[in-house]
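Participant: This is coords.cif, which holds mmCIF, C-alpha atoms:
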data_protein
#
loop_
_atom_site.label_atom_id
_atom_site.label_comp_id
_atom_site.auth_asym_id
_atom_site.auth_seq_id
_atom_site.Cartn_x
_atom_site.Cartn_y
_atom_site.Cartn_z
CA MET A 1 190.05 107.18 127.66
CA LYS A 2 187.12 107.96 130.04
CA ALA A 3 188.65 111.33 130.84
CA SER A 4 188.90 112.34 127.22
CA LYS A 5 186.56 114.94 125.74
CA GLY A 6 185.60 112.63 122.86
CA PHE A 7 184.39 109.87 125.18
CA HIS A 8 182.24 112.34 127.16
CA SER A 9 180.65 113.61 123.94
CA THR A 10 179.91 110.05 122.77
CA VAL A 11 178.19 109.17 126.06
CA VAL A 12 176.03 112.31 125.91
CA PHE A 13 175.11 111.55 122.31
CA LEU A 14 174.09 107.98 123.15
CA CYS A 15 171.96 109.19 126.09
CA PHE A 16 170.08 111.58 123.82
CA VAL A 17 169.58 108.76 121.29
CA VAL A 18 168.05 106.54 123.98
CA VAL A 19 165.80 109.31 125.30
CA SER A 20 164.64 110.27 121.81
CA THR A 21 163.94 106.61 121.00
CA VAL A 22 161.76 106.28 124.10
CA PHE A 23 159.81 109.45 123.22
CA TRP A 24 159.40 108.26 119.63
CA PHE A 25 158.13 104.87 120.83
CA ILE A 26 155.60 106.51 123.16
CA LEU A 27 154.32 108.82 120.40
CA ALA A 28 154.19 105.97 117.89
CA MET A 29 152.25 103.73 120.25
CA ASN A 30 149.61 106.43 120.65
CA ASP A 31 148.86 106.21 116.92
CA SER A 32 146.14 103.84 115.71
CA VAL A 33 147.51 100.57 114.37
CA THR A 34 146.03 97.39 112.94
CA LYS A 35 147.19 94.01 114.24
CA THR A 36 146.05 90.39 114.04
CA PHE A 37 145.99 88.27 117.21
CA ASP A 38 145.56 84.60 117.97
CA VAL A 39 142.93 84.56 120.70
CA SER A 40 142.54 81.42 122.81
CA LEU A 41 138.98 80.14 123.14
CA LYS A 42 138.06 78.17 126.24
CA ILE A 43 134.65 76.80 127.17
CA VAL A 44 134.52 76.38 130.94
CA ASN A 45 132.19 74.61 133.38
CA VAL A 46 131.50 71.81 130.90
CA PRO A 47 129.96 68.79 132.71
CA ASP A 48 131.93 65.56 132.50
CA SER A 49 128.97 63.86 130.80
CA VAL A 50 129.04 66.27 127.82
CA THR A 51 130.78 65.28 124.57
CA PHE A 52 130.89 67.79 121.74
CA ILE A 53 130.05 66.23 118.37
CA ASN A 54 131.97 68.99 116.55
CA ASP A 55 134.89 70.30 118.56
CA PRO A 56 135.26 74.03 119.22
CA PRO A 57 138.43 75.68 117.87
CA ASP A 58 141.31 76.20 120.27
CA ASN A 59 142.13 79.61 118.78
CA ILE A 60 140.51 82.23 116.60
CA HIS A 61 142.24 84.89 114.48
CA VAL A 62 141.11 88.45 115.16
CA THR A 63 142.18 91.64 113.36
CA LEU A 64 141.79 94.79 115.49
CA ARG A 65 142.46 98.50 115.14
CA ASP A 66 143.25 100.59 118.19
CA LYS A 67 145.96 102.66 119.82
CA GLY A 68 149.24 100.84 119.93
CA THR A 69 149.47 101.13 123.71
CA ASN A 70 146.07 99.48 124.15
CA LEU A 71 146.89 96.62 121.79
CA LEU A 72 150.31 96.15 123.39
CA ARG A 73 148.78 95.88 126.85
CA ALA A 74 145.83 93.65 125.88
CA GLY A 75 147.36 91.48 123.20
CA VAL A 76 151.10 91.24 123.79
CA VAL A 77 151.75 91.69 127.51
CA ASN A 78 148.75 89.48 128.36
CA HIS A 79 147.91 86.60 126.02
CA PRO A 80 144.28 87.25 124.97
CA THR A 81 141.85 84.54 126.04
CA ILE A 82 138.06 84.36 125.87
CA TYR A 83 136.34 82.27 128.54
CA ILE A 84 132.80 81.08 127.72
CA ASN A 85 130.56 79.67 130.43
CA PHE A 86 128.98 76.52 129.02
CA ARG A 87 125.81 76.78 131.09
CA ASP A 88 125.05 80.29 129.78
CA PHE A 89 124.85 79.21 126.13
CA ALA A 90 123.82 75.52 126.21
CA SER A 91 120.28 74.34 125.55
CA LYS A 92 119.35 70.63 125.38
CA THR A 93 121.85 69.25 122.81
CA PHE A 94 122.88 72.58 121.23
CA PHE A 95 125.49 75.14 122.25
CA ARG A 96 125.34 78.52 120.49
CA PHE A 97 127.64 81.52 120.95
CA SER A 98 126.35 84.17 118.55
CA LYS A 99 128.22 86.89 116.66
CA SER A 100 127.03 89.56 119.09
CA ASP A 101 128.22 87.40 122.01
CA LEU A 102 131.61 86.99 120.33
CA ASP A 103 131.94 90.73 119.62
CA ALA A 104 131.07 91.53 123.23
CA ALA A 105 133.66 89.05 124.50
CA LEU A 106 136.33 90.58 122.24
CA LYS A 107 135.45 94.09 123.43
CA ALA A 108 135.78 92.90 127.02
CA THR A 109 139.17 91.40 126.26
CA PHE A 110 140.72 94.20 124.17
CA GLY A 111 138.77 97.21 125.44
CA SER A 112 135.74 99.08 124.15
CA SER A 113 137.89 101.37 122.00
CA ALA A 114 139.13 98.48 119.85
CA GLN A 115 137.60 98.30 116.37
CA ILE A 116 137.04 94.72 115.21
CA GLY A 117 138.12 94.30 111.60
CA SER A 118 137.72 90.59 110.95
CA VAL A 119 137.28 87.37 112.92
CA SER A 120 138.06 83.87 111.63
CA ILE A 121 134.64 82.65 112.83
CA ASP A 122 131.27 84.42 112.91
CA SER A 123 129.87 82.41 115.81
CA LEU A 124 129.97 79.02 117.52
CA ALA A 125 127.25 76.47 116.82
CA LEU A 126 128.07 73.14 118.46
CA ARG A 127 126.06 69.95 118.92
CA TYR A 128 126.71 67.86 121.99
CA THR A 129 125.42 64.75 123.72
CA THR A 130 125.32 63.52 127.28
CA GLY A 131 124.88 59.89 126.25
CA LYS A 132 127.51 57.18 126.67
CA GLY A 133 129.71 56.26 123.74
CA HIS A 134 128.87 53.24 121.58
CA ARG A 135 131.85 50.90 121.12
CA VAL A 136 132.40 50.02 117.46
CA PRO A 137 135.16 47.85 115.85
CA ILE A 138 137.69 49.41 113.48
CA VAL A 139 138.28 48.11 109.96
CA VAL A 140 141.66 48.94 108.42
CA ARG A 141 141.65 49.62 104.68
CA ALA A 142 145.13 49.02 103.32
CA ASP A 143 146.98 48.27 100.10
CA VAL A 144 150.56 47.51 101.12
CA SER A 145 153.49 45.54 99.71
CA ALA A 146 156.97 44.62 100.89
CA SER A 147 160.32 45.03 99.18
CA ALA A 148 162.17 42.13 97.58
CA GLY A 149 163.20 39.51 100.15
CA ASN A 150 160.48 40.56 102.60
CA VAL A 151 156.80 39.83 103.09
CA ILE A 152 153.85 41.49 104.79
CA ALA A 153 153.14 39.22 107.78
CA GLY A 154 149.39 39.14 108.24
CA LEU A 155 146.93 41.98 107.83
CA PRO A 156 147.73 45.53 108.97
CA GLU A 157 146.71 45.58 112.63
CA PRO A 158 145.05 48.49 114.48
CA LEU A 159 146.66 48.93 117.89
CA GLU A 160 143.21 49.94 119.17
CA ARG A 161 140.53 47.45 118.16
CA VAL A 162 137.47 49.57 118.91
CA VAL A 163 136.53 53.24 119.00
CA SER A 164 133.84 55.10 120.97
CA VAL A 165 131.28 56.91 118.81
CA TYR A 166 128.89 59.62 119.97
CA SER A 167 125.90 61.17 118.26
CA VAL A 168 122.68 63.01 119.07
CA SER A 169 120.87 60.51 116.83
CA ASP A 170 119.16 57.47 118.35
CA ASN A 171 120.38 55.34 115.41
CA ILE A 172 123.96 55.34 116.63
CA ASP A 173 123.48 51.83 118.07
CA THR A 174 123.01 50.48 114.53
CA LEU A 175 126.53 51.54 113.52
CA SER A 176 128.47 48.26 113.21
CA ARG A 177 131.96 49.43 112.15
CA VAL A 178 134.13 52.40 111.28
CA TYR A 179 136.89 52.57 108.67
CA THR A 180 140.33 54.07 108.45
CA GLU A 181 141.36 56.31 105.61
CA PRO A 182 142.98 54.13 102.89
CA ILE A 183 146.62 53.19 103.52
CA VAL A 184 148.82 52.78 100.44
CA LYS A 185 152.45 51.81 101.03
CA ARG A 186 154.93 50.14 98.69
CA ASN A 187 158.33 48.43 99.11
CA LEU A 188 158.26 48.30 102.89
CA SER A 189 161.45 46.81 104.29
CA GLU A 190 160.72 46.96 108.02
CA THR A 191 157.80 46.88 110.43
CA THR A 192 156.04 50.23 110.34
CA GLU A 193 153.57 52.03 112.60
CA LEU A 194 151.38 54.76 111.10
CA GLU A 195 148.88 57.17 112.63
CA ILE A 196 145.83 57.05 110.39
CA PRO A 197 142.65 59.15 110.71
CA LEU A 198 139.28 57.46 110.73
CA VAL A 199 136.83 58.30 107.96
CA PRO A 200 134.63 61.09 109.39
CA MET A 201 130.86 60.66 109.49
CA ALA A 202 128.30 63.46 109.53
CA GLY A 203 126.83 64.01 112.98
CA VAL A 204 129.17 61.48 114.63
CA LYS A 205 132.08 62.06 116.99
CA MET A 206 134.72 59.32 117.18
CA VAL A 207 137.11 59.04 120.12
CA PRO A 208 139.88 58.72 119.19
CA SER A 209 139.61 60.19 115.70
CA LYS A 210 143.03 58.78 114.75
CA ILE A 211 144.51 55.36 115.48
CA LYS A 212 147.89 53.72 115.10
CA VAL A 213 148.15 50.89 112.59
CA LYS A 214 150.99 48.37 112.67
CA ILE A 215 152.21 46.84 109.41
CA THR A 216 154.45 43.89 110.24
CA VAL A 217 157.21 43.17 107.73
CA ASP A 218 159.19 39.93 108.03
CA PRO A 219 162.32 38.96 106.10
CA LEU A 220 161.91 35.80 104.05
CA VAL A 221 164.17 32.90 105.05
CA LYS A 222 164.70 29.55 103.33
CA LYS A 223 163.56 26.40 105.10
CA ASP A 224 163.98 22.72 104.22
CA ALA A 225 161.50 20.09 105.34
CA VAL A 226 160.20 16.58 104.61
CA ALA A 227 156.66 16.38 103.24
CA THR A 228 154.45 13.30 102.97
CA VAL A 229 153.12 12.62 99.45
CA LYS A 230 149.33 12.30 99.29
CA PRO A 231 147.61 10.38 96.43
CA VAL A 232 144.43 12.02 95.09
CA ASN A 233 141.59 10.86 92.80
CA VAL A 234 142.28 7.18 93.56
CA PRO A 235 139.20 5.04 92.65
CA ALA A 236 137.48 2.97 95.30
CA GLY A 237 139.04 -0.48 95.65
CA MET A 238 142.45 0.77 94.48
CA SER A 239 145.45 2.21 96.27
CA LEU A 240 148.81 3.60 95.33
CA LEU A 241 152.02 2.61 97.04
CA LEU A 242 154.66 5.28 96.54
CA PHE A 243 158.44 4.93 96.67
CA PRO A 244 159.47 7.09 98.45
CA ALA A 245 156.38 8.18 100.32
CA VAL A 246 158.08 11.35 101.55
CA VAL A 247 160.16 13.94 99.67
CA GLN A 248 162.43 16.82 100.49
CA VAL A 249 160.86 20.24 99.93
CA SER A 250 162.31 23.74 100.31
CA TYR A 251 160.45 27.03 100.55
CA TYR A 252 160.68 30.56 101.90
CA VAL A 253 158.71 31.68 104.95
CA PRO A 254 158.67 34.81 107.12
CA MET A 255 161.15 34.73 109.97
CA SER A 256 158.28 34.61 112.49
CA HIS A 257 157.12 31.26 111.02
CA PHE A 258 160.54 29.62 110.72
CA ASN A 259 160.12 27.50 113.86
CA ASP A 260 156.62 26.26 113.01
CA GLU A 261 156.47 22.46 113.19
CA ASP A 262 153.78 21.94 110.54
CA VAL A 263 154.94 21.86 106.92
CA PRO A 264 152.89 24.50 105.05
CA VAL A 265 153.38 22.73 101.70
CA ARG A 266 151.11 20.06 100.19
CA VAL A 267 152.68 17.46 97.88
CA THR A 268 150.37 15.16 95.88
CA VAL A 269 150.27 12.63 93.06
CA ASN A 270 147.21 12.39 90.82
CA TYR A 271 145.92 8.90 89.95
CA ASP A 272 144.72 10.25 86.60
CA ASP A 273 148.35 10.82 85.59
CA ILE A 274 149.00 7.07 85.45
CA GLU A 275 147.57 6.77 81.93
CA ARG A 276 149.79 9.63 80.74
CA THR A 277 153.01 8.12 82.10
CA PRO A 278 154.35 5.08 80.18
CA VAL A 279 156.78 4.16 82.94
CA SER A 280 156.09 3.29 86.55
CA ARG A 281 156.78 6.78 87.79
CA ILE A 282 154.18 9.41 88.54
CA PRO A 283 154.80 13.20 88.63
CA LEU A 284 154.57 15.18 91.86
CA SER A 285 152.46 18.29 92.31
CA ILE A 286 153.16 20.94 94.92
CA SER A 287 151.06 23.71 96.40
CA ALA A 288 151.35 26.00 99.41
CA THR A 289 148.75 25.62 102.14
CA GLU A 290 149.49 29.00 103.73
CA PRO A 291 149.49 32.39 101.94
CA TYR A 292 152.81 33.44 103.49
CA VAL A 293 154.79 30.60 101.79
CA ALA A 294 156.90 31.65 98.80
CA SER A 295 158.68 29.69 96.06
CA PRO A 296 158.14 26.09 97.22
CA HIS A 297 160.46 23.66 95.42
CA LEU A 298 160.78 19.87 95.40
CA SER A 299 164.03 17.94 95.41
CA GLN A 300 162.62 15.56 92.74
CA SER A 301 159.91 15.78 90.10
CA ASP A 302 158.36 12.27 90.41
CA VAL A 303 158.26 9.06 92.44
CA GLU A 304 157.83 5.36 91.67
CA TYR A 305 154.46 3.79 92.31
CA THR A 306 152.77 0.43 92.53
CA LEU A 307 149.07 0.03 91.87
CA VAL A 308 147.35 -2.29 94.34
CA ARG A 309 143.80 -3.66 94.06
CA GLU A 310 142.12 -4.05 97.41
#
Would you kindly transcribe this structure into structure tokens?
Facilitator:
Amino acid sequence: MKASKGFHSTVVFLCFVVVSTVFWFILAMNDSVTKTFDVSLKIVNVPDSVTFINDPPDNIHVTLRDKGTNLLRAGVVNHPTIYINFRDFASKTFFRFSKSDLDAALKATFGSSAQIGSVSIDSLALRYTTGKGHRVPIVVRADVSASAGNVIAGLPEPLERVVSVYSVSDNIDTLSRVYTEPIVKRNLSETTELEIPLVPMAGVKMVPSKIKVKITVDPLVKKDAVATVKPVNVPAGMSLLLFPAVVQVSYYVPMSHFNDEDVPVRVTVNYDDIERTPVSRIPLSISATEPYVASPHLSQSDVEYTLVRE
């Protein structure tokens, strides 16, 4: 097959195709083209004590027009990056990198022949502080509910209790709390962790600006217990003897509270009900003493009583 005349002709044809493609590519790259680049922006030599109130962008978008070979070399072969010396553009609590400074940096990066079409930013104007952060507690704003058979166990809990806040204002010490963006979740069936941003404040930098919030969801389980019946509204000089003085009660609690020894249910009899009951039995009343208790139920509706004068 290699010795055949057809194979030789095919090889020669392919060689000419490759050579012509290379020449075409070289000629095409010498034409002016327009291309958009993502240019990395790095501020260097920043002292450790400096905290920017508004963060500089990591990248800027730049549209340039130049010969294809120049753009290929400056923007594709080498990833374009602008390095800005902090000390050259910082003054007191203000850092400013003007439009002319930015244009000069782009020319230095892409070459003086490059024509700048558009830039995603006109300049950099950043406030910064060298002061220490003020520690402020976080308040979680949440409206959450669990699915049937489950319950939200406690309040949504921030995994970080406090946040550091920075500002050029002297009034930063009066800031007493920061808030999360509102959390709205419905029908949660399992414990959930969410990353929630903090509500931004003008002229204030918060570190971190996002926190993780844990919403604990517990399955409800049925529990049986014995509760002591408490008489209420008994006049002075009188007492009620109850038979029995304890009753069986059932209720649902989160799994995490199943082994609690205290009975979170209050069972009472009201002395005022005596006049409304013709027989020597008095009705029982039941109420939960903890917000996590659901559907408390008594094994009986009333008990016998004896009125004793002291």
Participant: Using all atoms listed in the file for the distances, tell me which of A:Glu195, A:Glu310, A:Glu275, A:Asp262 is nearest to Glu290 (chain A).
Facilitator: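 Going through A:Glu195, A:Glu310, A:Glu275, A:Asp262 one by one, the smallest distance to Glu290 (chain A) is for A:Asp262.
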Participant: Please determine, counting all atoms listed in the file, which residue among A:Asn59, A:Met255, A:Arg161, A:Val226 has the shortest atom-to-atom distance to Lys214 (chain A).
Facilitator: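 Checking each candidate against Lys214 (chain A), we get A:Arg161 as the closest.
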Participant: Which is closer to Tyr251 (chain A) than all the others in A:Val163, A:Val234, A:Val267, A:Ala225, using all atoms listed in the file?
Facilitator: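 Going through A:Val163, A:Val234, A:Val267, A:Ala225 one by one, the smallest distance to Tyr251 (chain A) is for A:Ala225.
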Participant: Mind telling me what the PyMOL selection byres ((chain A and resi 83-91) around 9) catches here, as a PyMOL selection string?
Facilitator: chain A and resi 40-47+81-82+92-97+105
Participant: Which residues, named as in the file, does the PyMOL selection byres ((chain A and resi 274) around 12) pick out? Answer as a list in words.
Facilitator: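 Matching residues under the PyMOL selection byres ((chain A and resi 274) around 12) are Pro231, Val232, Asn233, Val234, Leu240, Val269, Asn270, Tyr271, Asp272, Asp273, Glu275, Arg276, Thr277, Pro278, Val279, Ser280, Arg281, Ile282, Pro283, Leu284, Asp302, Val303, Glu304, Tyr305, Thr306 and Leu307 of chain A.
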Participant: Go ahead and save the picked residues with C-alpha atoms, as a compact mmCIF listing (two decimals), in the frame of the given file.
Facilitator:
# COMPACT_ATOMS: atom_id res chain seq x y z
CA PRO A 231 147.61 10.38 96.43
CA VAL A 232 144.43 12.02 95.09
CA ASN A 233 141.59 10.86 92.80
CA VAL A 234 142.28 7.18 93.56
CA LEU A 240 148.81 3.60 95.33
CA VAL A 269 150.27 12.63 93.06
CA ASN A 270 147.21 12.39 90.82
CA TYR A 271 145.92 8.90 89.95
CA ASP A 272 144.72 10.25 86.60
CA ASP A 273 148.35 10.82 85.59
CA GLU A 275 147.57 6.77 81.93
CA ARG A 276 149.79 9.63 80.74
CA THR A 277 153.01 8.12 82.10
CA PRO A 278 154.35 5.08 80.18
CA VAL A 279 156.78 4.16 82.94
CA SER A 280 156.09 3.29 86.55
CA ARG A 281 156.78 6.78 87.79
CA ILE A 282 154.18 9.41 88.54
CA PRO A 283 154.80 13.20 88.63
CA LEU A 284 154.57 15.18 91.86
CA ASP A 302 158.36 12.27 90.41
CA VAL A 303 158.26 9.06 92.44
CA GLU A 304 157.83 5.36 91.67
CA TYR A 305 154.46 3.79 92.31
CA THR A 306 152.77 0.43 92.53
CA LEU A 307 149.07 0.03 91.87
Participant: Which residues come within 9 Å of Val207 (chain A), counting only C-alpha atoms, excluding same-chain residues fewer than 6 positions away, as a PyMOL selection string?
Facilitator: chain A and resi 133+163-166
Participant: Once the PyMOL selection byres ((chain A and resi 116) around 9) has been applied to the shown file, what residues remain in the selection, as an MDAnalysis selection string?
Facilitator: chainID A and resid 62:65 103 106:107 114:115 117:119
